[in-house]
Amino acid sequence: MNLVAPASSSPAPAPSAIGKVLAYQLNDVVRSRWALAYTLFFLLVTDALFRFGGGGTQVILSLLNVVLILIPLVSLVFGTMYLYSTREFVELMLAQPVRRSDLFAGLYGGLLLPLAVGFVLGTGLPFIWHGAAVAEHLPTLGRLMGVGVMLTAAFLALAFWISVRFEDRVKGLGAALLLWLFLAVIYDGLLLLVAYTFSAYPLEQPMIVLGMLNPISLARVLLLLTLDVAALLGYTGAAFERFFGTGLGTALSLGALLAWWGVPLALARRRFLRKDF
Amino acid sequence: MTAAASRQPMPQSSTSDLPSRQPERVDPLVDVTGLAKRFGRLEVLRGVDVGFRRARVTAVIGPNGSGKTTLIKAVLGLVRPDAGTVAFDGEIVEPGDVTYRSRVGYMPQRAAFPENLTGREVLTMLRDLRAGDARQLDEMLLQTLALEPELDKPLRTLSGGNRQKVNAAVAFLFRPDLIVLDEPTAGLDPVASSALKEAIRSAKARGVTFVLTSHIVSELEELADDIVFLLDGRALFAGTTDDLKRETGEDRLERAIAHLMISPR
């Protein structure tokens, strides 16, 4: 009889490797200086806005457009680029006793965290050192940060989906840029075109639906509704305000934005779990 | 020679074997049965039956695009086969099964590591990923390859050859029972290459099973005990190097392989 328990020949996989993958990746991303440059950019822009123009509300309004354009772009491009460059190492990690689902979660978290923290610090710190982090501005600033983080999460999910969908990195990067161009620039133009063409018809409801179909429009509506400047937005915002009132409109657009995060992420994960490496 | 698609190496070659019927079977560490895989319209593997025998070096050879890497990756669980099974140490590997991989070491064809990390950090990270594994690390190869001074530099600053050395060391580091090497000596200098071969021989003597792909015949001559010849996704030959020489009527491995490539049937 063996007094010493024999070493198990097939040890169970570590309960979860998510934390380890995440830690390694944070390390790698932070050192790549991309995340640092991203943080510095927000820091400089926010600081400059404070120096050139007035108080907290104006700064938040000006930041809004930076957030709506830049966060999707950086999340998409940095996300896809990073994933393509790390492909072979992912393959090596998958040859270790690691579940694919753990690896996926670790990779996603490892990209989301530095980008989200970079954005929050980059915009938040100037508010503190310019003394504008007062109770009056905190709710709107909080909203801005919340929506910014959600946009980061949603567009990173899209980046993951693109990178598992396209084997070829040139195609993938092209798809990422096209998607950004479409959602950030072309979509608004199309919306205007629709509004102009069908201006003789009641357009509020179609506009609401069309607004929901674009995460950037959604984020804009969410922020403008709280800033009480929805009238500035013309069709989409006005319709949102009139039809839903602030409460329901916010809930609906929040839900839609969450779907823009959850659906691509679920699709990407599903494909990642079945993919051939 | 009709060893075509035959089951694992059999000492006496029988000429009338039906594919896959072999009453007394050696007990291979890895047993691949009916493996098929297509990528789009391309059928990469069309029903491959091979076994990788314990404490032996099996070389998977064949022209480019014959399915070598796909076969290896299917064994590692990186590629999900359309049909067929892979059994490791007698147990069929289900999709999503990861525990057997704590007994497998892998050296991919191309060494691509996170650029900003050092070799030591990557090794530590891989060790952490294998947390259930209390085995002593095998740092012999790290030493014989003289990697120690390179381990604290960011991997992006390492030369391709040195990265390939790290890649090789990783495969041996966790004392696996099976080591899979995809073109191991490509890009290694002669000194490193012979250190790697030495490591293979000494690990084999300890009972480690090897599967490797290579185009370098001298290397196969030196290392391989068994040969699997793939062509168009089928295993046209699976047997010992001696079997191969006998069946082709050639006394040199190089000629025997050339014989297979030129007149595959």
# chains A, B, ... in the order shown; residues from 1 in each chain; ligands from 1
>>> residues_around(residues="region 58-72 of chain A", least_positions_apart="5", cutoff="9 Å", atoms="only C-alpha atoms", output="ChimeraX atom specification")
/A:42,45-46,49-50,53,77,115,119,123,137,140-141,144,147-149,151-152,154-156,180,184-185,216-217,219-220,223-224,227
>>> interface_residues(of="chain A", to="chain B", cutoff="8 Å", atoms="only C-alpha atoms", output="PyMOL selection string")
chain A and resi 10-14+17+20-21+24+27-28+31-32+86+88-89+91-100+274-277
>>> select_by_dssp(residues="region 24-208 of chain B", states="helix (DSSP H, G or I)", output="ChimeraX atom specification")
/B:68-76,99-103,119-129,140-144,148-150,155-157,160-173,190-205
>>> select_by_dssp(residues="region 5-153 of chain B", states="strand (DSSP E)", output="PyMOL selection string")
chain B and resi 30-39+42-52+57-61+83-88+91-92+104-107
>>> write_last_selection(atoms="N, CA and C atoms", output="short mmCIF file (atom, residue, chain, number, x, y, z; two decimals), in the first residue's frame")
data_model
loop_
_atom_site.label_atom_id
_atom_site.label_comp_id
_atom_site.auth_asym_id
_atom_site.auth_seq_id
_atom_site.Cartn_x
_atom_site.Cartn_y
_atom_site.Cartn_z
N VAL B 30 -0.27 8.51 -28.10
CA VAL B 30 -1.30 9.26 -28.80
C VAL B 30 -1.84 8.38 -29.91
N ASP B 31 -3.15 8.24 -29.96
CA ASP B 31 -3.75 7.40 -30.99
C ASP B 31 -4.75 8.23 -31.77
N VAL B 32 -4.46 8.43 -33.03
CA VAL B 32 -5.31 9.26 -33.88
C VAL B 32 -6.11 8.33 -34.78
N THR B 33 -7.43 8.49 -34.78
CA THR B 33 -8.29 7.58 -35.55
C THR B 33 -9.21 8.35 -36.48
N GLY B 34 -9.09 8.06 -37.75
CA GLY B 34 -10.04 8.60 -38.74
C GLY B 34 -10.13 10.11 -38.77
N LEU B 35 -9.02 10.77 -38.53
CA LEU B 35 -9.04 12.22 -38.40
C LEU B 35 -9.27 12.90 -39.75
N ALA B 36 -10.29 13.75 -39.80
CA ALA B 36 -10.58 14.49 -41.02
C ALA B 36 -10.78 15.95 -40.69
N LYS B 37 -10.28 16.80 -41.57
CA LYS B 37 -10.44 18.23 -41.37
C LYS B 37 -10.43 18.94 -42.70
N ARG B 38 -11.41 19.81 -42.89
CA ARG B 38 -11.37 20.64 -44.09
C ARG B 38 -11.42 22.10 -43.69
N PHE B 39 -10.68 22.89 -44.44
CA PHE B 39 -10.76 24.34 -44.29
C PHE B 39 -11.44 24.86 -45.54
N LEU B 42 -10.99 23.14 -48.93
CA LEU B 42 -9.73 22.41 -48.94
C LEU B 42 -9.77 21.28 -47.92
N GLU B 43 -9.68 20.05 -48.39
CA GLU B 43 -9.62 18.92 -47.48
C GLU B 43 -8.18 18.71 -47.04
N VAL B 44 -7.88 19.09 -45.82
CA VAL B 44 -6.49 19.03 -45.37
C VAL B 44 -6.15 17.64 -44.84
N LEU B 45 -7.06 17.06 -44.08
CA LEU B 45 -6.86 15.68 -43.61
C LEU B 45 -8.06 14.86 -44.03
N ARG B 46 -7.80 13.69 -44.62
CA ARG B 46 -8.93 12.85 -45.06
C ARG B 46 -8.85 11.48 -44.42
N GLY B 47 -9.12 11.44 -43.14
CA GLY B 47 -9.13 10.14 -42.50
C GLY B 47 -7.75 9.62 -42.22
N VAL B 48 -7.09 10.22 -41.24
CA VAL B 48 -5.73 9.81 -40.90
C VAL B 48 -5.77 8.92 -39.66
N ASP B 49 -5.14 7.76 -39.75
CA ASP B 49 -5.00 6.85 -38.61
C ASP B 49 -3.52 6.69 -38.32
N VAL B 50 -3.08 7.23 -37.22
CA VAL B 50 -1.70 7.01 -36.82
C VAL B 50 -1.62 6.93 -35.30
N GLY B 51 -0.53 6.36 -34.84
CA GLY B 51 -0.28 6.36 -33.41
C GLY B 51 1.13 6.85 -33.17
N PHE B 52 1.33 7.55 -32.08
CA PHE B 52 2.67 7.99 -31.73
C PHE B 52 3.13 7.16 -30.54
N VAL B 57 10.67 8.75 -31.15
CA VAL B 57 10.52 9.98 -31.91
C VAL B 57 9.81 9.65 -33.22
N THR B 58 8.62 10.21 -33.39
CA THR B 58 7.90 10.02 -34.64
C THR B 58 8.04 11.28 -35.47
N ALA B 59 8.53 11.12 -36.69
CA ALA B 59 8.64 12.27 -37.58
C ALA B 59 7.46 12.25 -38.53
N VAL B 60 6.74 13.36 -38.59
CA VAL B 60 5.66 13.50 -39.56
C VAL B 60 6.24 14.24 -40.74
N ILE B 61 6.29 13.58 -41.88
CA ILE B 61 6.90 14.21 -43.05
C ILE B 61 5.90 14.25 -44.19
N ALA B 83 -14.04 15.11 -38.16
CA ALA B 83 -14.39 13.73 -37.84
C ALA B 83 -13.15 13.06 -37.27
N GLY B 84 -13.38 11.97 -36.58
CA GLY B 84 -12.25 11.23 -36.02
C GLY B 84 -11.95 11.64 -34.60
N THR B 85 -11.06 10.88 -33.97
CA THR B 85 -10.74 11.15 -32.57
C THR B 85 -9.24 11.14 -32.35
N VAL B 86 -8.86 11.81 -31.28
CA VAL B 86 -7.50 11.76 -30.78
C VAL B 86 -7.59 11.20 -29.37
N ALA B 87 -6.85 10.15 -29.11
CA ALA B 87 -6.82 9.62 -27.75
C ALA B 87 -5.43 9.85 -27.17
N PHE B 88 -5.40 10.32 -25.94
CA PHE B 88 -4.12 10.55 -25.28
C PHE B 88 -4.02 9.59 -24.11
N GLU B 91 -7.16 7.66 -23.40
CA GLU B 91 -8.44 8.33 -23.21
C GLU B 91 -8.72 9.29 -24.35
N ILE B 92 -9.94 9.19 -24.86
CA ILE B 92 -10.30 10.05 -25.98
C ILE B 92 -10.41 11.51 -25.51
N VAL B 104 1.75 17.82 -22.06
CA VAL B 104 2.23 18.04 -23.42
C VAL B 104 3.03 19.33 -23.50
N GLY B 105 4.16 19.27 -24.20
CA GLY B 105 4.93 20.48 -24.48
C GLY B 105 4.89 20.74 -25.97
N TYR B 106 4.86 22.01 -26.34
CA TYR B 106 4.68 22.35 -27.76
C TYR B 106 5.65 23.44 -28.16
N MET B 107 6.33 23.21 -29.27
CA MET B 107 7.18 24.24 -29.84
C MET B 107 6.64 24.58 -31.22
#
>>> residues_around(residues="Ile162 (chain A)", least_positions_apart="2", cutoff="10 Å", atoms="only C-alpha atoms", output="list in words")
Leu76, Gly79, Thr80, Leu83, Leu156, Ala157, Leu158, Ala159, Phe160, Val164, Arg165, Phe166, Glu167, Arg169, Lys171, Gly172, Leu173, Gly174, Ala175, Ala176, Leu179, Pro264 and Ala268 of chain A
>>> atom_distance(atom1="CA of Gly131 (chain A)", atom2="CA of Arg51 (chain A)")
12.3 Å
>>> atom_distance(atom1="CA of Arg41 (chain B)", atom2="CA of Leu267 (chain A)")
23.8 Å
>>> residues_around(residues="Thr39 (chain A)", least_positions_apart="4", cutoff="10 Å", atoms="only C-alpha atoms", output="count of residues only")
15
>>> residues_around(residues="Gly255 (chain A)", least_positions_apart="3", cutoff="12 Å", atoms="only C-alpha atoms", output="list of chain:residue names")
A:Met150, A:Met212, A:Leu213, A:Pro215, A:Leu218, A:Ala219, A:Leu222, A:Leu248, A:Gly249, A:Thr250, A:Ala251, A:Leu252, A:Leu258, A:Ala259, A:Trp260, A:Trp261, A:Gly262, A:Val263
>>> atom_distance(atom1="CA of Arg163 (chain B)", atom2="CA of Ile216 (chain B)")
20.5 Å
>>> residues_around(residues="Ala203 (chain B)", least_positions_apart="4", cutoff="10 Å", atoms="only C-alpha atoms", output="PDB file with N, CA and C atoms, in the first residue's frame")
ATOM      1  N   ALA B  55       8.000   6.872 -25.835  1.00  0.00           N
ATOM      2  CA  ALA B  55       9.459   6.932 -25.751  1.00  0.00           C
ATOM      3  C   ALA B  55      10.127   6.734 -27.099  1.00  0.00           C
ATOM      4  N   ARG B  56       9.476   7.216 -28.133  1.00  0.00           N
ATOM      5  CA  ARG B  56      10.064   7.169 -29.463  1.00  0.00           C
ATOM      6  C   ARG B  56       9.870   8.520 -30.128  1.00  0.00           C
ATOM      7  N   PHE B 172      10.272  22.030 -23.445  1.00  0.00           N
ATOM      8  CA  PHE B 172      10.875  21.043 -22.539  1.00  0.00           C
ATOM      9  C   PHE B 172      10.659  21.396 -21.068  1.00  0.00           C
ATOM     10  N   ARG B 175       8.636  19.365 -18.167  1.00  0.00           N
ATOM     11  CA  ARG B 175       8.775  17.914 -18.133  1.00  0.00           C
ATOM     12  C   ARG B 175       7.534  17.176 -18.630  1.00  0.00           C
ATOM     13  N   PRO B 176       7.101  17.481 -19.835  1.00  0.00           N
ATOM     14  CA  PRO B 176       5.901  16.804 -20.348  1.00  0.00           C
ATOM     15  C   PRO B 176       6.218  15.366 -20.761  1.00  0.00           C
ATOM     16  N   ASP B 177       5.152  14.588 -20.949  1.00  0.00           N
ATOM     17  CA  ASP B 177       5.328  13.214 -21.426  1.00  0.00           C
ATOM     18  C   ASP B 177       5.373  13.175 -22.947  1.00  0.00           C
ATOM     19  N   ILE B 179       6.254  15.689 -26.311  1.00  0.00           N
ATOM     20  CA  ILE B 179       6.741  16.978 -26.797  1.00  0.00           C
ATOM     21  C   ILE B 179       6.530  17.039 -28.301  1.00  0.00           C
ATOM     22  N   LYS B 197      19.008  18.623 -30.332  1.00  0.00           N
ATOM     23  CA  LYS B 197      18.939  17.194 -30.649  1.00  0.00           C
ATOM     24  C   LYS B 197      19.386  16.352 -29.465  1.00  0.00           C
ATOM     25  N   GLU B 198      20.418  16.846 -28.793  1.00  0.00           N
ATOM     26  CA  GLU B 198      20.899  16.132 -27.614  1.00  0.00           C
ATOM     27  C   GLU B 198      19.804  16.078 -26.555  1.00  0.00           C
ATOM     28  N   ALA B 199      19.123  17.200 -26.384  1.00  0.00           N
ATOM     29  CA  ALA B 199      18.034  17.251 -25.403  1.00  0.00           C
ATOM     30  C   ALA B 199      16.931  16.267 -25.773  1.00  0.00           C
ATOM     31  N   GLY B 207      11.976   8.462 -21.340  1.00  0.00           N
ATOM     32  CA  GLY B 207      10.629   7.971 -21.610  1.00  0.00           C
ATOM     33  C   GLY B 207       9.707   8.985 -22.253  1.00  0.00           C
ATOM     34  N   VAL B 208      10.241  10.134 -22.644  1.00  0.00           N
ATOM     35  CA  VAL B 208       9.410  11.159 -23.273  1.00  0.00           C
ATOM     36  C   VAL B 208       9.149  10.776 -24.728  1.00  0.00           C
ATOM     37  N   THR B 209       7.907  10.993 -25.150  1.00  0.00           N
ATOM     38  CA  THR B 209       7.517  10.715 -26.527  1.00  0.00           C
ATOM     39  C   THR B 209       7.629  11.994 -27.341  1.00  0.00           C
ATOM     40  N   PHE B 210       8.165  11.873 -28.552  1.00  0.00           N
ATOM     41  CA  PHE B 210       8.316  13.064 -29.399  1.00  0.00           C
ATOM     42  C   PHE B 210       7.557  12.909 -30.696  1.00  0.00           C
TER      43      PHE B 210
END
>>> residues_around(residues="Ile257 (chain B)", least_positions_apart="6", cutoff="10 Å", atoms="only C-alpha atoms", output="JSON, numbers by chain")
{"B": [61, 62, 217, 227, 229, 241, 244, 245, 248, 250, 263, 264]}
>>> write_last_selection(atoms="C-alpha atoms", output="short mmCIF file (atom, residue, chain, number, x, y, z; two decimals), in the first residue's frame")
data_model
loop_
_atom_site.label_atom_id
_atom_site.label_comp_id
_atom_site.auth_asym_id
_atom_site.auth_seq_id
_atom_site.Cartn_x
_atom_site.Cartn_y
_atom_site.Cartn_z
CA ILE B 61 6.90 14.21 -43.05
CA GLY B 62 5.39 15.13 -46.36
CA VAL B 217 16.58 14.60 -43.88
CA ILE B 227 7.95 7.89 -39.81
CA PHE B 229 4.34 10.15 -44.39
CA THR B 241 12.36 3.88 -40.32
CA LEU B 244 10.34 2.32 -44.58
CA LYS B 245 13.74 1.36 -45.86
CA THR B 248 11.05 1.05 -50.46
CA GLU B 250 16.37 1.77 -50.26
CA SER B 263 6.04 7.23 -56.38
CA PRO B 264 3.71 7.46 -53.45
#
>>> closest_residue(among="A:Ala256, A:Leu138, A:Val221, A:Leu36", to="Gly124 (chain A)", atoms="only C-alpha atoms")
A:Leu138
>>> closest_residue(among="A:Met145, A:Leu125, A:Leu113, A:Leu181", to="Val30 (chain A)", atoms="only C-alpha atoms")
A:Leu113
>>> decode(residues="region 36-130 of chain A", atoms="C-alpha atoms", output="PDB file, in the first residue's frame")
ATOM      1  CA  LEU A  36       0.133  55.581 -21.711  1.00  0.00           C
ATOM      2  CA  ALA A  37      -0.139  57.692 -24.862  1.00  0.00           C
ATOM      3  CA  TYR A  38      -3.914  57.281 -24.753  1.00  0.00           C
ATOM      4  CA  THR A  39      -4.068  58.449 -21.148  1.00  0.00           C
ATOM      5  CA  LEU A  40      -1.755  61.377 -21.844  1.00  0.00           C
ATOM      6  CA  PHE A  41      -3.868  62.427 -24.788  1.00  0.00           C
ATOM      7  CA  PHE A  42      -7.021  62.663 -22.680  1.00  0.00           C
ATOM      8  CA  LEU A  43      -5.048  64.384 -19.970  1.00  0.00           C
ATOM      9  CA  LEU A  44      -3.726  67.034 -22.360  1.00  0.00           C
ATOM     10  CA  VAL A  45      -7.037  67.600 -24.140  1.00  0.00           C
ATOM     11  CA  THR A  46      -8.998  67.941 -20.915  1.00  0.00           C
ATOM     12  CA  ASP A  47      -6.390  70.185 -19.403  1.00  0.00           C
ATOM     13  CA  ALA A  48      -6.290  72.351 -22.535  1.00  0.00           C
ATOM     14  CA  LEU A  49     -10.069  72.663 -22.538  1.00  0.00           C
ATOM     15  CA  PHE A  50      -9.909  73.951 -18.989  1.00  0.00           C
ATOM     16  CA  ARG A  51      -7.222  76.459 -19.863  1.00  0.00           C
ATOM     17  CA  PHE A  52      -8.863  77.800 -22.988  1.00  0.00           C
ATOM     18  CA  GLY A  53     -12.451  77.899 -21.972  1.00  0.00           C
ATOM     19  CA  GLY A  54     -14.604  78.180 -18.960  1.00  0.00           C
ATOM     20  CA  GLY A  55     -15.963  75.839 -16.408  1.00  0.00           C
ATOM     21  CA  GLY A  56     -16.815  72.215 -16.003  1.00  0.00           C
ATOM     22  CA  THR A  57     -19.950  72.063 -18.134  1.00  0.00           C
ATOM     23  CA  GLN A  58     -18.325  73.470 -21.258  1.00  0.00           C
ATOM     24  CA  VAL A  59     -15.362  71.164 -20.802  1.00  0.00           C
ATOM     25  CA  ILE A  60     -17.669  68.168 -20.529  1.00  0.00           C
ATOM     26  CA  LEU A  61     -19.559  69.232 -23.637  1.00  0.00           C
ATOM     27  CA  SER A  62     -16.376  69.650 -25.635  1.00  0.00           C
ATOM     28  CA  LEU A  63     -15.006  66.381 -24.321  1.00  0.00           C
ATOM     29  CA  LEU A  64     -18.156  64.666 -25.481  1.00  0.00           C
ATOM     30  CA  ASN A  65     -17.198  64.856 -29.125  1.00  0.00           C
ATOM     31  CA  VAL A  66     -13.661  63.707 -28.426  1.00  0.00           C
ATOM     32  CA  VAL A  67     -15.080  60.762 -26.510  1.00  0.00           C
ATOM     33  CA  LEU A  68     -17.587  59.848 -29.214  1.00  0.00           C
ATOM     34  CA  ILE A  69     -15.020  59.875 -32.014  1.00  0.00           C
ATOM     35  CA  LEU A  70     -11.802  58.809 -30.379  1.00  0.00           C
ATOM     36  CA  ILE A  71     -12.838  56.023 -28.026  1.00  0.00           C
ATOM     37  CA  PRO A  72     -14.419  53.899 -30.775  1.00  0.00           C
ATOM     38  CA  LEU A  73     -11.444  54.492 -33.063  1.00  0.00           C
ATOM     39  CA  VAL A  74      -8.772  53.616 -30.537  1.00  0.00           C
ATOM     40  CA  SER A  75     -10.672  50.660 -29.104  1.00  0.00           C
ATOM     41  CA  LEU A  76     -11.257  49.191 -32.545  1.00  0.00           C
ATOM     42  CA  VAL A  77      -7.818  49.795 -34.003  1.00  0.00           C
ATOM     43  CA  PHE A  78      -5.755  49.075 -30.926  1.00  0.00           C
ATOM     44  CA  GLY A  79      -7.920  46.066 -30.122  1.00  0.00           C
ATOM     45  CA  THR A  80      -7.635  44.420 -33.528  1.00  0.00           C
ATOM     46  CA  MET A  81      -3.942  45.276 -33.906  1.00  0.00           C
ATOM     47  CA  TYR A  82      -3.101  43.854 -30.516  1.00  0.00           C
ATOM     48  CA  LEU A  83      -5.067  40.679 -31.117  1.00  0.00           C
ATOM     49  CA  TYR A  84      -3.453  40.025 -34.481  1.00  0.00           C
ATOM     50  CA  SER A  85       0.025  40.645 -33.112  1.00  0.00           C
ATOM     51  CA  THR A  86      -0.592  38.300 -30.206  1.00  0.00           C
ATOM     52  CA  ARG A  87      -2.124  35.512 -32.280  1.00  0.00           C
ATOM     53  CA  GLU A  88       0.824  33.140 -32.189  1.00  0.00           C
ATOM     54  CA  PHE A  89       1.247  33.593 -28.489  1.00  0.00           C
ATOM     55  CA  VAL A  90      -2.440  32.884 -27.994  1.00  0.00           C
ATOM     56  CA  GLU A  91      -1.805  29.666 -29.878  1.00  0.00           C
ATOM     57  CA  LEU A  92       1.022  28.798 -27.501  1.00  0.00           C
ATOM     58  CA  MET A  93      -1.152  29.592 -24.488  1.00  0.00           C
ATOM     59  CA  LEU A  94      -3.920  27.409 -25.879  1.00  0.00           C
ATOM     60  CA  ALA A  95      -1.469  24.523 -26.033  1.00  0.00           C
ATOM     61  CA  GLN A  96      -1.144  24.839 -22.245  1.00  0.00           C
ATOM     62  CA  PRO A  97      -3.763  23.350 -19.937  1.00  0.00           C
ATOM     63  CA  VAL A  98      -5.945  26.445 -20.181  1.00  0.00           C
ATOM     64  CA  ARG A  99      -9.600  26.648 -21.076  1.00  0.00           C
ATOM     65  CA  ARG A 100     -10.380  28.718 -24.104  1.00  0.00           C
ATOM     66  CA  SER A 101     -13.121  30.554 -22.243  1.00  0.00           C
ATOM     67  CA  ASP A 102     -10.651  31.582 -19.522  1.00  0.00           C
ATOM     68  CA  LEU A 103      -8.169  32.784 -22.072  1.00  0.00           C
ATOM     69  CA  PHE A 104     -10.824  34.782 -23.873  1.00  0.00           C
ATOM     70  CA  ALA A 105     -11.984  36.461 -20.676  1.00  0.00           C
ATOM     71  CA  GLY A 106      -8.412  37.231 -19.662  1.00  0.00           C
ATOM     72  CA  LEU A 107      -7.570  38.714 -23.040  1.00  0.00           C
ATOM     73  CA  TYR A 108     -10.671  40.868 -23.097  1.00  0.00           C
ATOM     74  CA  GLY A 109     -10.221  42.114 -19.556  1.00  0.00           C
ATOM     75  CA  GLY A 110      -6.541  42.731 -20.158  1.00  0.00           C
ATOM     76  CA  LEU A 111      -7.364  45.121 -22.977  1.00  0.00           C
ATOM     77  CA  LEU A 112     -10.470  46.696 -21.476  1.00  0.00           C
ATOM     78  CA  LEU A 113      -8.873  47.574 -18.174  1.00  0.00           C
ATOM     79  CA  PRO A 114      -5.950  49.695 -19.383  1.00  0.00           C
ATOM     80  CA  LEU A 115      -8.071  51.540 -21.950  1.00  0.00           C
ATOM     81  CA  ALA A 116     -10.902  52.237 -19.520  1.00  0.00           C
ATOM     82  CA  VAL A 117      -8.591  53.263 -16.693  1.00  0.00           C
ATOM     83  CA  GLY A 118      -6.553  55.422 -19.077  1.00  0.00           C
ATOM     84  CA  PHE A 119      -9.677  57.245 -20.199  1.00  0.00           C
ATOM     85  CA  VAL A 120     -11.065  57.727 -16.686  1.00  0.00           C
ATOM     86  CA  LEU A 121      -7.760  58.974 -15.300  1.00  0.00           C
ATOM     87  CA  GLY A 122      -7.031  61.123 -18.340  1.00  0.00           C
ATOM     88  CA  THR A 123     -10.314  62.973 -18.115  1.00  0.00           C
ATOM     89  CA  GLY A 124     -10.740  62.814 -14.336  1.00  0.00           C
ATOM     90  CA  LEU A 125      -7.399  64.122 -13.117  1.00  0.00           C
ATOM     91  CA  PRO A 126      -7.648  67.559 -14.789  1.00  0.00           C
ATOM     92  CA  PHE A 127     -11.077  68.002 -13.201  1.00  0.00           C
ATOM     93  CA  ILE A 128      -9.439  67.440  -9.849  1.00  0.00           C
ATOM     94  CA  TRP A 129      -6.455  69.739 -10.306  1.00  0.00           C
ATOM     95  CA  HIS A 130      -8.556  72.468 -11.852  1.00  0.00           C
TER      96      HIS A 130
END
